[in-house]
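Undergrad: Below you'll find the structure I mean.
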Amino acid sequence: MSERQVIDARGAFCPGPLMELIAALRHAAIGDELEVWSTDKGSAADIPAWIKKVHHELVSINEADGHWSIVIRKAK
Amino acid sequence: MAGAPLYILVCSGEHEKLQMAAMMASVGAVSERPVEVFVSMNAIFAFARDATPDRRYRGDAFSQLMKDKHAPDVLVLLRQGKEFGDLKIWACSMALDVAGLEMDHLVEELFDGPLGLTKFLSDAEAGQLVTL
């Protein structure tokens, strides 16, 4: 597994953070973890819902320093 | 498993409605739902190839807020939906005829072609239809 990639989508409006995550996922390998930072209030529910819908894995979700940090593992 | 197809019929040229259409289309497509967008009436003018941003996106107070705060651009969202998911975008053949437009008057590499309402509605029986 490669080093966890951070996608800094702070300041982007919905659905920007999700789109940035998806763009990065396309270049990741199965098993890789990506961490997306978002100040969009909807991301805390939207991104986990998307992860569940398309069958990736939600590793963690936290709010700190004024933004959400959502970690995803690419599962397919 | 793919979700039920989503069909979005866009008639309004208002920026706010175009934005919602693009958001629904892109998020639906990246969520493994086949999505088709049918662009008609005043909405067709927002996709003119030579339109400036001010001409392309006309709206009310929320439109101005989205411009000021750099909300994701409608065309960018639609292109992301096509790149990351199953999204087709059709130009209403009636709107093209009435407006005197050809496909090459519309923004490049976005539309899948002209389409009639009858075919779009027939296809939409298989899924969920939203009109904006």
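In the structure tokens, chains take letters A, B, ... by order of appearance, with residues numbered from 1 within each chain and ligands from 1 in the order shown.
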As a list in words, could you give me every residue of chain B near chain A (at most 8 Å apart, counting only C-alpha atoms)?
TA: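 Output check: Met23, Val27, Ser31, Glu32, Ala71, Pro72, Gln80 and Phe84 of chain B.
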Undergrad: Residues at most 12 Å from segment 63-66 of chain A, counting only C-alpha atoms, excluding those fewer than 6 positions away in the same chain, as number ranges by chain?
TA: A: 10-11, 36-41, 43-44
Undergrad: Dump C-alpha atoms for the selected residues as a compact mmCIF listing (two decimals), in the first residue's frame?
TA:
# COMPACT_ATOMS: atom_id res chain seq x y z
CA ARG A 10 -11.26 22.86 1.80
CA GLY A 11 -13.17 25.81 0.38
CA VAL A 36 -10.18 14.13 1.88
CA TRP A 37 -10.39 17.42 3.75
CA SER A 38 -13.60 19.36 3.33
CA THR A 39 -15.23 22.44 4.81
CA ASP A 40 -18.50 21.64 3.02
CA LYS A 41 -20.96 20.73 5.77
CA SER A 43 -19.52 16.17 2.96
CA ALA A 44 -19.75 14.49 6.37
Undergrad: Under the rule that only C-alpha atoms are counted, which of B:Ala25, B:Arg79, B:Ser122, B:Lys88 is the nearest residue to Glu108 of chain B?
TA: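 That would be B:Arg79, the residue with the smallest distance to Glu108 of chain B.
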Undergrad: Would you return as a VMD selection string the members of chain A that DSSP assigns to helix (DSSP H, G or I) on this structure's backbone?
TA: chain A and resid 16 to 25 43 to 54
Undergrad: Which residues come within 9 Å of Ser63 of chain B, counting only C-alpha atoms, excluding same-chain residues fewer than 5 positions away, as an MDAnalysis selection string?
TA: chainID B and resid 14:16 19 57:58 68
Undergrad: Selection from above, C-alpha atoms, as a PDB file, in the first residue's frame, can you write it?
TA:
ATOM      1  CA  GLU B  14     -31.945  30.172 -14.914  1.00  0.00           C
ATOM      2  CA  HIS B  15     -28.494  29.623 -13.491  1.00  0.00           C
ATOM      3  CA  GLU B  16     -29.891  28.215 -10.243  1.00  0.00           C
ATOM      4  CA  GLN B  19     -26.725  24.357 -11.426  1.00  0.00           C
ATOM      5  CA  TYR B  57     -25.432  31.992 -16.412  1.00  0.00           C
ATOM      6  CA  ARG B  58     -28.291  34.402 -15.772  1.00  0.00           C
ATOM      7  CA  ASP B  68     -18.890  35.390  -6.281  1.00  0.00           C
TER       8      ASP B  68
END
Undergrad: Select, from B:Ala29, B:Leu110, B:Val37, B:Ala124, the residue with the minimum atom-to-atom distance to Leu75 of chain B, counting only C-alpha atoms.
TA: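 Between B:Ala29, B:Leu110, B:Val37, B:Ala124, the residue approaching Leu75 of chain B most closely is B:Leu110.
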Undergrad: If you measure from atom CA of Asp123 of chain B to atom CA of Leu87 of chain B, what distance in Å do you get, rounded to one decimal?
TA: 14.0 Å
Undergrad: Would you mind listing what lies within 8 Å of Ser60 of chain A as a ChimeraX atom specification, with only C-alpha atoms counted and same-chain residues fewer than 3 positions away left out?
TA: /A:69-72
Undergrad: According to DSSP computed on the backbone, where in chain A is there strand (DSSP E)? Give the residues as a PyMOL selection string.
TA: chain A and resi 5-8+33-38+57-64+67-73
Undergrad: What does the file look like for those residues with C-alpha atoms, as a PDB file, in the first residue's frame?
TA:
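Listed below is the output, part-v5.pdb:
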ATOM      1  CA  GLN A   5      -2.839  10.648  -0.228  1.00  0.00           C
ATOM      2  CA  VAL A   6      -4.441  13.803   1.140  1.00  0.00           C
ATOM      3  CA  ILE A   7      -6.956  15.655  -1.017  1.00  0.00           C
ATOM      4  CA  ASP A   8      -7.313  19.175   0.281  1.00  0.00           C
ATOM      5  CA  GLU A  33      -6.166   4.968   1.450  1.00  0.00           C
ATOM      6  CA  LEU A  34      -7.118   8.531   0.577  1.00  0.00           C
ATOM      7  CA  GLU A  35      -7.952  11.292   3.021  1.00  0.00           C
ATOM      8  CA  VAL A  36     -10.184  14.128   1.883  1.00  0.00           C
ATOM      9  CA  TRP A  37     -10.389  17.420   3.754  1.00  0.00           C
ATOM     10  CA  SER A  38     -13.602  19.364   3.329  1.00  0.00           C
ATOM     11  CA  GLU A  57     -14.543   1.301   2.591  1.00  0.00           C
ATOM     12  CA  LEU A  58     -14.925   4.158   5.052  1.00  0.00           C
ATOM     13  CA  VAL A  59     -11.898   4.048   7.359  1.00  0.00           C
ATOM     14  CA  SER A  60     -12.610   7.065   9.551  1.00  0.00           C
ATOM     15  CA  ILE A  61     -14.353  10.396   9.732  1.00  0.00           C
ATOM     16  CA  ASN A  62     -13.406  13.239  12.053  1.00  0.00           C
ATOM     17  CA  GLU A  63     -13.965  16.952  12.418  1.00  0.00           C
ATOM     18  CA  ALA A  64     -11.010  18.993  13.602  1.00  0.00           C
ATOM     19  CA  HIS A  67     -12.815  20.896   8.543  1.00  0.00           C
ATOM     20  CA  TRP A  68     -13.921  17.317   8.065  1.00  0.00           C
ATOM     21  CA  SER A  69     -11.339  14.625   7.470  1.00  0.00           C
ATOM     22  CA  ILE A  70     -12.711  11.531   5.772  1.00  0.00           C
ATOM     23  CA  VAL A  71     -10.483   8.525   5.079  1.00  0.00           C
ATOM     24  CA  ILE A  72     -11.481   6.040   2.405  1.00  0.00           C
ATOM     25  CA  ARG A  73      -9.891   2.756   1.318  1.00  0.00           C
TER      26      ARG A  73
END
Undergrad: Quick one: everything within 7 Å of His105 of chain B, counting only C-alpha atoms, minus sequence neighbours fewer than 2 positions away in the same chain. Send it as a ChimeraX atom specification.
TA: /B:48-49,101-103,107
Undergrad: Determine the nearest neighbour of Val30 of chain B from the options A:Ala75, A:Ala9, A:Ala28, A:Ile47, counting only C-alpha atoms.
TA: A:Ile47
Undergrad: Using only C-alpha atoms, can you tell me which of A:Asp46, A:Ala29, A:Glu3, A:Lys76 comes closest to Pro17 of chain A?
TA: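 The shortest atom-to-atom distance to Pro17 of chain A comes from A:Asp46.
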Undergrad: Using only C-alpha atoms, which residues sit within 10 Å of Met24 of chain B once same-chain residues fewer than 4 positions away are excluded, as an NGL selection string?
TA: (:A and (15)) or (:B and (6-8 or 18-20 or 28-29 or 35 or 37 or 77-78 or 81 or 130))
Undergrad: Dump N, CA, C and O atoms for the selected residues as an mmCIF file, in the first residue's frame?
TA:
data_model
loop_
_atom_site.group_PDB
_atom_site.id
_atom_site.type_symbol
_atom_site.label_atom_id
_atom_site.label_comp_id
_atom_site.auth_asym_id
_atom_site.auth_seq_id
_atom_site.Cartn_x
_atom_site.Cartn_y
_atom_site.Cartn_z
ATOM 1 N N PRO A 15 -20.793 19.707 -5.307
ATOM 2 C CA PRO A 15 -20.175 18.428 -4.953
ATOM 3 C C PRO A 15 -18.677 18.382 -5.208
ATOM 4 O O PRO A 15 -18.136 17.317 -5.479
ATOM 5 N N LEU B 6 -31.734 7.864 -13.971
ATOM 6 C CA LEU B 6 -32.264 9.187 -13.645
ATOM 7 C C LEU B 6 -32.344 10.002 -14.933
ATOM 8 O O LEU B 6 -31.355 10.098 -15.667
ATOM 9 N N TYR B 7 -33.496 10.577 -15.187
ATOM 10 C CA TYR B 7 -33.720 11.379 -16.391
ATOM 11 C C TYR B 7 -34.032 12.809 -15.966
ATOM 12 O O TYR B 7 -34.959 13.023 -15.173
ATOM 13 N N ILE B 8 -33.267 13.752 -16.460
ATOM 14 C CA ILE B 8 -33.425 15.148 -16.061
ATOM 15 C C ILE B 8 -33.778 15.977 -17.291
ATOM 16 O O ILE B 8 -33.003 16.040 -18.248
ATOM 17 N N LEU B 18 -30.076 25.403 -13.677
ATOM 18 C CA LEU B 18 -29.030 24.708 -14.428
ATOM 19 C C LEU B 18 -28.005 24.100 -13.479
ATOM 20 O O LEU B 18 -27.517 22.981 -13.685
ATOM 21 N N GLN B 19 -27.695 24.854 -12.411
ATOM 22 C CA GLN B 19 -26.725 24.357 -11.426
ATOM 23 C C GLN B 19 -27.250 23.085 -10.759
ATOM 24 O O GLN B 19 -26.523 22.097 -10.619
ATOM 25 N N MET B 20 -28.524 23.107 -10.349
ATOM 26 C CA MET B 20 -29.087 21.931 -9.700
ATOM 27 C C MET B 20 -29.134 20.746 -10.659
ATOM 28 O O MET B 20 -28.862 19.604 -10.278
ATOM 29 N N GLY B 28 -25.420 11.851 -9.532
ATOM 30 C CA GLY B 28 -26.102 10.608 -9.896
ATOM 31 C C GLY B 28 -25.192 9.701 -10.704
ATOM 32 O O GLY B 28 -25.081 8.499 -10.429
ATOM 33 N N ALA B 29 -24.509 10.267 -11.686
ATOM 34 C CA ALA B 29 -23.661 9.462 -12.562
ATOM 35 C C ALA B 29 -22.490 8.834 -11.806
ATOM 36 O O ALA B 29 -22.156 7.667 -12.042
ATOM 37 N N VAL B 35 -27.524 8.246 -16.066
ATOM 38 C CA VAL B 35 -28.234 9.531 -16.065
ATOM 39 C C VAL B 35 -28.323 10.056 -17.500
ATOM 40 O O VAL B 35 -27.350 9.979 -18.257
ATOM 41 N N VAL B 37 -29.679 13.627 -19.552
ATOM 42 C CA VAL B 37 -30.156 15.009 -19.431
ATOM 43 C C VAL B 37 -30.672 15.446 -20.803
ATOM 44 O O VAL B 37 -30.000 15.251 -21.818
ATOM 45 N N LEU B 77 -19.070 20.424 -14.071
ATOM 46 C CA LEU B 77 -19.774 19.333 -13.387
ATOM 47 C C LEU B 77 -20.290 18.303 -14.390
ATOM 48 O O LEU B 77 -20.171 17.092 -14.173
ATOM 49 N N LEU B 78 -20.869 18.777 -15.471
ATOM 50 C CA LEU B 78 -21.407 17.842 -16.462
ATOM 51 C C LEU B 78 -20.286 17.029 -17.118
ATOM 52 O O LEU B 78 -20.436 15.832 -17.349
ATOM 53 N N GLY B 81 -19.272 14.400 -14.708
ATOM 54 C CA GLY B 81 -20.254 13.312 -14.706
ATOM 55 C C GLY B 81 -20.045 12.364 -15.871
ATOM 56 O O GLY B 81 -20.148 11.145 -15.731
ATOM 57 N N VAL B 130 -37.035 13.907 -13.576
ATOM 58 C CA VAL B 130 -37.040 15.172 -12.840
ATOM 59 C C VAL B 130 -37.056 16.299 -13.867
ATOM 60 O O VAL B 130 -36.311 16.257 -14.849
#
Undergrad: If we count only C-alpha atoms and set the cut-off at 7 Å, which residues sit around Val10 of chain B, ignoring sequence neighbours fewer than 4 positions away in its own chain? Please answer as a PyMOL selection string.
TA: chain B and resi 38-40+43+131-132
Undergrad: Between B:Ile44, B:Ile89, B:Ala99, B:Ala21, which has the minimum distance to Asp112 of chain B (counting only C-alpha atoms)?
TA: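 The answer is B:Ile89, which sits nearest to Asp112 of chain B.
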